[in-house]
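Student: Dropping in final-v9.txt, which is compact mmCIF, C-alpha atoms:
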# COMPACT_ATOMS: atom_id res chain seq x y z
CA MET A 1 50.53 104.17 59.84
CA PRO A 2 47.49 103.85 62.13
CA LYS A 3 44.60 101.80 60.84
CA LEU A 4 42.08 102.22 63.67
CA THR A 5 42.05 105.35 65.76
CA LEU A 6 39.52 107.54 67.49
CA LEU A 7 38.69 110.41 65.17
CA PRO A 8 39.47 113.96 66.28
CA THR A 9 35.77 114.78 65.86
CA THR A 10 34.70 111.86 68.03
CA ALA A 11 37.38 112.70 70.57
CA LEU A 12 36.02 116.24 70.78
CA LEU A 13 32.54 114.90 71.43
CA VAL A 14 33.90 112.67 74.17
CA LEU A 15 35.74 115.55 75.82
CA THR A 16 32.66 117.77 75.58
CA LEU A 17 30.16 115.29 76.92
CA PHE A 18 31.95 113.31 79.58
CA PHE A 19 33.19 115.57 82.30
CA ASN A 20 30.20 114.15 84.15
CA VAL A 21 29.16 110.54 83.56
CA SER A 22 25.40 110.35 83.35
CA ALA A 23 23.11 108.21 85.43
CA PRO A 24 22.81 104.59 84.31
CA LEU A 25 19.98 103.38 82.13
CA GLN A 26 17.92 100.44 83.29
CA ALA A 27 19.67 97.33 81.93
CA ALA A 28 18.40 93.79 81.52
CA ALA A 29 20.55 90.71 81.98
CA ALA A 30 22.94 90.33 79.05
CA PRO A 31 23.67 87.04 77.25
CA SER A 32 26.82 85.35 78.52
CA ASP A 33 28.73 86.09 75.32
CA ALA A 34 27.48 89.63 74.73
CA TYR A 35 30.78 91.38 75.39
CA GLY A 36 34.00 91.49 73.44
CA VAL A 37 37.13 93.60 73.10
CA GLY A 38 38.89 95.12 70.14
CA PHE A 39 42.35 96.24 69.12
CA GLY A 40 43.44 99.68 67.99
CA ALA A 41 45.74 98.62 65.13
CA GLU A 42 48.36 97.18 67.45
CA GLU A 43 47.47 93.54 66.74
CA LEU A 44 50.95 92.73 65.50
CA GLU A 45 52.76 94.21 68.51
CA PRO A 46 54.82 91.82 70.69
CA GLN A 47 52.46 92.16 73.67
CA THR A 48 49.41 90.82 71.77
CA PRO A 49 49.66 87.15 72.88
CA ARG A 50 49.79 88.20 76.53
CA ALA A 51 46.95 90.70 76.03
CA LEU A 52 44.79 87.93 74.56
CA GLU A 53 45.62 85.71 77.52
CA LEU A 54 44.39 88.45 79.85
CA ALA A 55 41.19 88.80 77.84
CA SER A 56 40.62 85.08 78.19
CA GLN A 57 41.35 85.22 81.91
CA ALA A 58 38.55 87.79 82.20
CA HIS A 59 36.29 85.17 80.52
CA ILE A 60 35.77 87.43 77.51
CA ASP A 61 34.60 85.35 74.54
CA TRP A 62 35.09 87.71 71.59
CA VAL A 63 37.89 89.75 70.08
CA ARG A 64 37.75 92.15 67.13
CA LEU A 65 40.97 92.48 65.17
CA GLY A 66 42.21 93.54 61.76
CA LEU A 67 43.68 91.30 59.07
CA TYR A 68 44.81 94.29 57.06
CA TRP A 69 45.51 94.11 53.36
CA GLN A 70 48.75 96.07 53.48
CA ASP A 71 50.10 93.66 56.10
CA VAL A 72 49.20 90.40 54.35
CA GLU A 73 49.99 91.52 50.78
CA PRO A 74 52.68 94.22 50.99
CA SER A 75 53.32 93.96 47.23
CA PRO A 76 51.11 92.61 44.42
CA GLY A 77 50.72 88.85 44.62
CA GLN A 78 53.25 88.51 47.46
CA PHE A 79 51.36 87.29 50.52
CA ASP A 80 52.93 87.15 53.98
CA PHE A 81 50.71 85.59 56.64
CA GLN A 82 53.35 84.84 59.25
CA ALA A 83 52.48 87.63 61.68
CA ASP A 84 48.72 87.19 61.34
CA ASP A 85 49.06 83.42 61.66
CA ALA A 86 50.60 84.00 65.08
CA VAL A 87 47.76 86.30 66.14
CA ILE A 88 45.07 83.85 65.02
CA ALA A 89 46.93 81.02 66.75
CA SER A 90 46.83 83.06 69.96
CA THR A 91 43.08 83.59 69.67
CA ARG A 92 42.65 79.86 69.11
CA ALA A 93 44.83 78.98 72.10
CA ASN A 94 42.76 81.31 74.28
CA HIS A 95 39.40 80.04 72.98
CA LEU A 96 38.38 83.44 71.63
CA ASN A 97 35.83 83.96 68.87
CA VAL A 98 37.13 86.37 66.24
CA LEU A 99 35.46 89.23 64.42
CA ALA A 100 38.01 90.04 61.70
CA ILE A 101 38.10 93.40 59.94
CA LEU A 102 38.85 93.36 56.23
CA ALA A 103 40.50 96.70 55.40
CA TYR A 104 42.04 99.00 54.04
CA SER A 105 43.58 99.75 50.63
CA THR A 106 47.31 99.30 50.05
CA PRO A 107 49.96 101.80 48.91
CA TRP A 108 50.11 99.88 45.62
CA ASN A 109 46.34 99.68 45.12
CA THR A 110 44.63 102.88 46.16
CA SER A 111 42.54 105.48 44.39
CA ALA A 112 44.25 108.22 46.38
CA PRO A 113 45.64 111.10 44.34
CA ALA A 114 49.35 111.77 44.17
CA ASP A 115 50.60 113.23 47.47
CA PRO A 116 47.23 112.84 49.23
CA PRO A 117 46.61 115.00 52.31
CA ASP A 118 45.19 111.99 54.14
CA ASN A 119 46.15 108.36 54.73
CA LEU A 120 46.34 106.91 51.22
CA THR A 121 45.10 103.49 52.40
CA HIS A 122 41.82 105.06 53.53
CA TYR A 123 40.75 105.73 49.94
CA PRO A 124 38.82 103.03 48.03
CA PRO A 125 40.97 100.48 46.21
CA ARG A 126 41.85 101.40 42.66
CA ASP A 127 41.20 97.82 41.47
CA TYR A 128 38.32 96.00 43.18
CA GLY A 129 39.43 92.75 41.57
CA GLU A 130 42.69 92.91 43.52
CA TRP A 131 40.67 93.63 46.66
CA ALA A 132 38.59 90.49 45.99
CA ASN A 133 41.82 88.47 45.64
CA TYR A 134 42.94 89.72 49.07
CA VAL A 135 39.57 88.85 50.62
CA ALA A 136 39.64 85.39 49.05
CA ALA A 137 43.18 84.71 50.26
CA VAL A 138 42.44 85.77 53.84
CA VAL A 139 39.09 84.00 54.14
CA THR A 140 40.49 80.81 52.61
CA ARG A 141 43.41 80.79 55.02
CA TYR A 142 41.46 81.52 58.20
CA LYS A 143 37.98 80.11 57.58
CA ALA A 144 38.56 77.32 60.12
CA ASP A 145 39.12 79.91 62.87
CA VAL A 146 37.25 83.02 61.72
CA HIS A 147 33.55 82.93 60.92
CA TYR A 148 32.65 86.62 61.24
CA TRP A 149 34.00 89.27 58.85
CA GLU A 150 33.53 93.03 59.13
CA VAL A 151 33.91 94.99 55.89
CA TRP A 152 36.01 98.11 56.54
CA ASN A 153 35.82 100.39 59.59
CA GLU A 154 33.74 103.56 59.92
CA PRO A 155 33.13 103.94 56.18
CA ASP A 156 30.75 106.81 56.89
CA LEU A 157 33.71 109.03 57.81
CA ALA A 158 36.14 110.41 55.25
CA GLU A 159 39.01 109.82 57.66
CA PHE A 160 38.53 106.10 57.03
CA TRP A 161 36.66 105.97 53.69
CA ASN A 162 37.63 108.82 51.41
CA GLY A 163 35.15 107.71 48.79
CA THR A 164 31.43 107.76 48.05
CA PRO A 165 28.63 105.67 49.56
CA ALA A 166 28.17 104.06 46.13
CA GLN A 167 31.82 102.99 46.06
CA TYR A 168 31.44 101.40 49.49
CA ALA A 169 28.21 99.66 48.45
CA ALA A 170 30.10 98.15 45.50
CA LEU A 171 32.97 97.06 47.75
CA LEU A 172 30.55 95.50 50.22
CA ALA A 173 28.83 93.57 47.42
CA ILE A 174 32.02 92.07 46.02
CA THR A 175 33.26 91.26 49.53
CA PHE A 176 30.02 89.53 50.53
CA SER A 177 29.99 87.47 47.32
CA THR A 178 33.63 86.46 47.71
CA ILE A 179 33.26 85.42 51.34
CA LYS A 180 30.08 83.41 50.76
CA GLN A 181 31.57 81.57 47.78
CA ILE A 182 34.45 80.37 49.96
CA ASP A 183 32.52 79.82 53.19
CA PRO A 184 28.72 79.84 52.81
CA THR A 185 28.36 79.57 56.60
CA ALA A 186 30.36 82.73 57.27
CA THR A 187 28.68 85.84 58.66
CA VAL A 188 29.32 89.24 57.09
CA VAL A 189 29.13 92.33 59.30
CA LEU A 190 28.53 95.78 57.87
CA GLY A 191 31.50 98.08 58.46
CA GLY A 192 30.77 99.68 61.83
CA GLN A 193 29.33 103.14 61.25
CA ALA A 194 30.66 106.01 63.37
CA PHE A 195 27.05 107.24 63.16
CA VAL A 196 27.68 110.80 64.29
CA ASN A 197 26.29 114.06 62.96
CA MET A 198 28.91 115.97 61.00
CA PRO A 199 28.84 119.34 59.25
CA GLY A 200 26.87 118.86 56.07
CA HIS A 201 25.33 115.49 56.82
CA MET A 202 23.35 113.62 59.43
CA ALA A 203 24.50 110.46 61.18
CA SER A 204 22.09 108.31 59.18
CA ASP A 205 22.89 109.70 55.70
CA PHE A 206 25.60 107.20 54.72
CA LEU A 207 23.57 104.19 55.85
CA THR A 208 20.54 105.50 53.95
CA HIS A 209 22.59 105.98 50.79
CA ILE A 210 24.17 102.52 50.77
CA LEU A 211 20.90 100.74 51.55
CA GLY A 212 19.22 102.66 48.76
CA ASP A 213 22.04 102.26 46.24
CA ALA A 214 20.57 101.51 42.84
CA ASP A 215 23.31 99.13 41.66
CA HIS A 216 24.39 97.42 44.89
CA PRO A 217 21.73 97.83 47.60
CA ALA A 218 23.65 97.08 50.78
CA GLY A 219 20.83 95.22 52.50
CA ALA A 220 21.53 92.23 50.27
CA ASN A 221 25.19 92.13 51.24
CA PHE A 222 25.51 91.84 55.01
CA ASP A 223 24.10 89.66 57.77
CA ILE A 224 24.67 91.90 60.80
CA ALA A 225 24.38 95.69 61.01
CA ALA A 226 26.89 97.60 63.11
CA PHE A 227 27.66 101.01 64.50
CA HIS A 228 29.93 102.58 67.13
CA PHE A 229 29.10 104.39 70.34
CA TYR A 230 31.32 106.81 72.26
CA LEU A 231 28.77 109.21 73.75
CA ARG A 232 26.85 109.58 76.99
CA PRO A 233 24.90 106.50 78.06
CA ASP A 234 21.65 108.45 78.02
CA GLN A 235 22.18 109.28 74.33
CA ALA A 236 22.18 105.62 73.33
CA PRO A 237 18.36 105.30 72.99
CA GLN A 238 18.28 108.09 70.41
CA ASP A 239 21.14 106.55 68.41
CA PHE A 240 19.45 103.16 68.42
CA GLU A 241 16.12 104.65 67.39
CA GLU A 242 17.69 106.49 64.45
CA PHE A 243 19.75 103.49 63.34
CA LYS A 244 16.82 101.08 63.55
CA ALA A 245 14.57 103.56 61.73
CA VAL A 246 16.83 103.40 58.67
CA LEU A 247 16.87 99.59 58.76
CA THR A 248 13.07 99.61 59.04
CA GLN A 249 12.79 102.00 56.09
CA PHE A 250 14.50 99.39 53.91
CA GLY A 251 12.70 96.38 55.37
CA ILE A 252 15.66 94.85 57.23
CA ASP A 253 14.83 95.77 60.83
CA ASN A 254 15.14 92.09 61.74
CA ARG A 255 18.91 92.15 61.25
CA PRO A 256 21.00 91.76 64.42
CA ILE A 257 22.87 94.89 65.51
CA TRP A 258 26.37 94.82 66.94
CA ILE A 259 28.25 97.70 68.51
CA THR A 260 31.72 96.93 67.19
CA GLU A 261 33.34 99.80 69.09
CA ALA A 262 32.31 101.43 72.36
CA GLY A 263 34.61 103.20 74.75
CA LEU A 264 35.71 106.16 76.78
CA PRO A 265 39.33 107.28 77.14
CA SER A 266 40.39 107.58 80.74
CA TRP A 267 42.00 110.95 80.09
CA ALA A 268 38.80 112.50 78.77
CA ILE A 269 37.19 112.91 82.19
CA VAL A 270 40.25 113.26 84.44
CA ALA A 271 39.36 115.67 87.22
CA ASN A 272 42.12 118.15 88.03
CA GLY A 273 44.70 115.94 86.36
CA ASN A 274 44.15 113.04 88.77
CA PRO A 275 44.65 109.84 86.71
CA ASP A 276 42.94 107.68 89.32
CA SER A 277 39.67 109.57 88.94
CA GLY A 278 39.97 109.21 85.18
CA PHE A 279 40.38 105.45 85.40
CA ALA A 280 37.46 105.21 87.84
CA ALA A 281 35.16 107.23 85.58
CA GLN A 282 36.13 105.08 82.60
CA ALA A 283 35.21 101.95 84.55
CA GLN A 284 31.93 103.55 85.62
CA TRP A 285 31.08 104.42 82.01
CA LEU A 286 31.79 100.83 80.92
CA ASP A 287 29.68 99.39 83.74
CA GLN A 288 26.75 101.66 82.88
CA THR A 289 26.92 101.78 79.12
CA LEU A 290 27.69 98.29 77.85
CA PRO A 291 24.71 96.60 79.55
CA SER A 292 22.48 99.48 78.47
CA LEU A 293 23.50 98.98 74.82
CA VAL A 294 22.61 95.29 75.10
CA ASN A 295 19.31 96.20 76.72
CA LEU A 296 18.51 98.50 73.81
CA GLY A 297 18.98 95.68 71.33
CA ALA A 298 22.67 95.15 70.62
CA SER A 299 23.41 91.44 70.31
CA ARG A 300 27.10 92.06 70.99
CA VAL A 301 29.21 95.00 72.20
CA PHE A 302 32.98 95.33 71.76
CA TRP A 303 34.98 97.59 74.04
CA PHE A 304 37.57 99.71 72.26
CA GLN A 305 40.33 98.88 73.10
CA LEU A 306 41.98 95.91 74.81
CA ASP A 307 45.50 97.25 75.38
CA GLU A 308 47.37 100.50 74.91
CA ASN A 309 49.92 100.76 72.15
CA PRO A 310 53.14 101.58 74.07
CA ASP A 311 54.22 103.89 71.25
CA ALA A 312 50.92 105.73 70.87
CA PRO A 313 48.72 105.47 73.99
CA SER A 314 45.12 106.51 73.44
CA GLY A 315 43.69 106.25 76.95
CA PHE A 316 41.11 103.65 75.87
CA GLY A 317 42.97 100.52 76.93
CA LEU A 318 41.61 98.10 79.51
CA LEU A 319 45.28 97.23 79.92
CA GLY A 320 48.03 99.80 80.23
CA PRO A 321 51.14 99.88 78.02
CA ASP A 322 52.74 97.52 80.53
CA LEU A 323 49.62 95.28 80.32
CA ASN A 324 48.69 96.01 83.91
CA PRO A 325 44.89 95.80 84.22
CA ARG A 326 43.06 99.07 84.79
CA PRO A 327 39.77 99.43 86.70
CA ALA A 328 37.83 99.19 83.42
CA TYR A 329 39.31 95.72 82.85
CA GLU A 330 37.99 94.64 86.24
CA ALA A 331 34.60 96.22 85.46
CA LEU A 332 34.30 94.26 82.22
CA GLN A 333 35.44 91.08 83.93
CA SER A 334 32.67 91.61 86.50
CA LEU A 335 30.06 92.24 83.80
CA VAL A 336 31.02 89.06 81.95
CA SER A 337 31.01 87.03 85.15
CA THR A 338 27.58 88.31 86.12
CA SER A 339 26.21 87.53 82.66
CA GLN A 340 27.61 84.01 82.73
CA GLN A 341 26.14 83.37 86.19
CA ARG A 342 22.69 84.40 84.93
CA ALA A 343 22.95 82.32 81.74
What is this structure when it is put down as structure tokens?
Tutor:
Amino acid sequence: MPKLTLLPTTALLVLTLFFNVSAPLQAAAAPSDAYGVGFGAEELEPQTPRALELASQAHIDWVRLGLYWQDVEPSPGQFDFQADDAVIASTRANHLNVLAILAYSTPWNTSAPADPPDNLTHYPPRDYGEWANYVAAVVTRYKADVHYWEVWNEPDLAEFWNGTPAQYAALLAITFSTIKQIDPTATVVLGGQAFVNMPGHMASDFLTHILGDADHPAGANFDIAAFHFYLRPDQAPQDFEEFKAVLTQFGIDNRPIWITEAGLPSWAIVANGNPDSGFAAQAQWLDQTLPSLVNLGASRVFWFQLDENPDAPSGFGLLGPDLNPRPAYEALQSLVSTSQQRA
């Protein structure tokens, strides 16, 4: 079952807004390690080692990947790290820094109702103590290689967190405490917010609720704030202003901000069915948007996604299902190279 995917709502926004890529914003020089890439739940596919090699060859320094609970503990107390060990070994061999996602629930520990209409692993865990055991096992095993941990993915959307803000605030608190007890030097990243307006609530509502939670105020339980960006480049200033305004409201506007997903599917802006124009527009969006996000204040931006899943292509991949680089891969390689030359 998919663990990270572009939401139908977000996809609709992309299709609506990107038949014309907007003019670039003025961008300052980015730090040499400002850019990373992420996976779309295909981390354990056979092509991953080669995909990571290609990321390294583009001089990309960061990769975002999931160390998912249902993969490492398929049944209670029975841990299987073999597949994830291989992935982490590949990141180490390619000198890549890792942002690891801790998520989701498991079929054996979920608060989902019987016969849920949605992915049962996207409900809060039934037993938070079992969740803490998973976090402890993963952090203990990989703390030599992984120093940055993101807690869930897009918890402000029911498609990924079919629970309340208060339940997420509690999960964040127990995760932060568990990680810091095992590795006090580790950095905890807030689960990247989709941060989009939806029927019935504004983009900032979830963040406001968790930061203002009476029992587990989230500001005490993360080191880096994070949200996602899939819209027009000229909409980024408004998103940043709204996001920072909430942080300021709760006195934590000094926290670094990472964009842990940013991307445009090549098929979203294909003109008259011409795939080449779609790939070119995707590369143009990357070249315009990623430096602009850094200029607005993002310390790090991760492109979603590194490679296409051969069984479920999304259009976001820098690499095709055959791992052939697309124009967006070359655009990111050029961005990284330019940043490193200026460093």
Student: Using all atoms listed in the file, find each residue of segment 230-284 of chain A with at least one atom at most 12 Å away from an atom of segment 142-163 of chain A; report its shortest atom-to-atom pair and that distance in Å (one decimal), sort the rows by chain and rising residue number, and return the result as CSV.
Tutor:
residue,atom,partner,partner_atom,distance
A:Trp258,CA,A:Glu150,CA,10.7
A:Ile259,CA,A:Glu150,CA,11.7
A:Thr260,CA,A:Glu150,CA,9.1
A:Glu261,CA,A:Asn153,CA,9.8
Student: Once 5 Å is added on each side, what centre and edge lengths in Å to one decimal does the axis-aligned box around all listed atoms of segment 78-91 of chain A have, as lines of an AutoDock Vina configuration file?
Tutor:
center_x = 48.2
center_y = 84.8
center_z = 58.7
size_x = 20.3
size_y = 17.5
size_z = 32.5
Student: Residues within 9 Å of segment 234-251 of chain A, please, as a PyMOL selection string. Count all atoms listed in the file; anything in the same chain fewer than 6 positions from it doesn't count.
Tutor: chain A and resi 22-25+195-196+203-204+207-208+211-212+219+225+227+257+289+292-293+296-298
Student: Suppose you want the space between atom CA of Glu73 of chain A and atom CA of Lys180 of chain A; what is it in Å?
Tutor: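 Between atom CA of Glu73 of chain A and atom CA of Lys180 of chain A the gap is 21.5 Å.
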Student: So what do you get for atom CA of Thr140 of chain A versus atom CA of Ala173 of chain A, distance-wise?
Tutor: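 Calculated distance between atom CA of Thr140 of chain A and atom CA of Ala173 of chain A is 18.0 Å.
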Student: Compile a residue-level contact table for segment 295-331 of chain A against segment 42-48 of chain A at a cut-off of 9 Å, reporting for every qualifying residue the shortest atom pair and its distance in Å to one decimal, with only C-alpha atoms counted, rows ordered by chain and ascending number, as a tab-separated table.
Tutor:
residue	atom	partner	partner_atom	distance
A:Asp307	CA	A:Thr48	CA	8.3
A:Glu308	CA	A:Glu42	CA	8.2
A:Asn309	CA	A:Glu42	CA	6.1
A:Pro321	CA	A:Gln47	CA	9.0
A:Asp322	CA	A:Gln47	CA	8.7
A:Leu323	CA	A:Gln47	CA	7.9
Student: Rounded to one decimal, what separation in Å do you get between atom CA of Arg255 of chain A and atom CA of Ile224 of chain A?
Tutor: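 Calculated distance between atom CA of Arg255 of chain A and atom CA of Ile224 of chain A is 5.8 Å.
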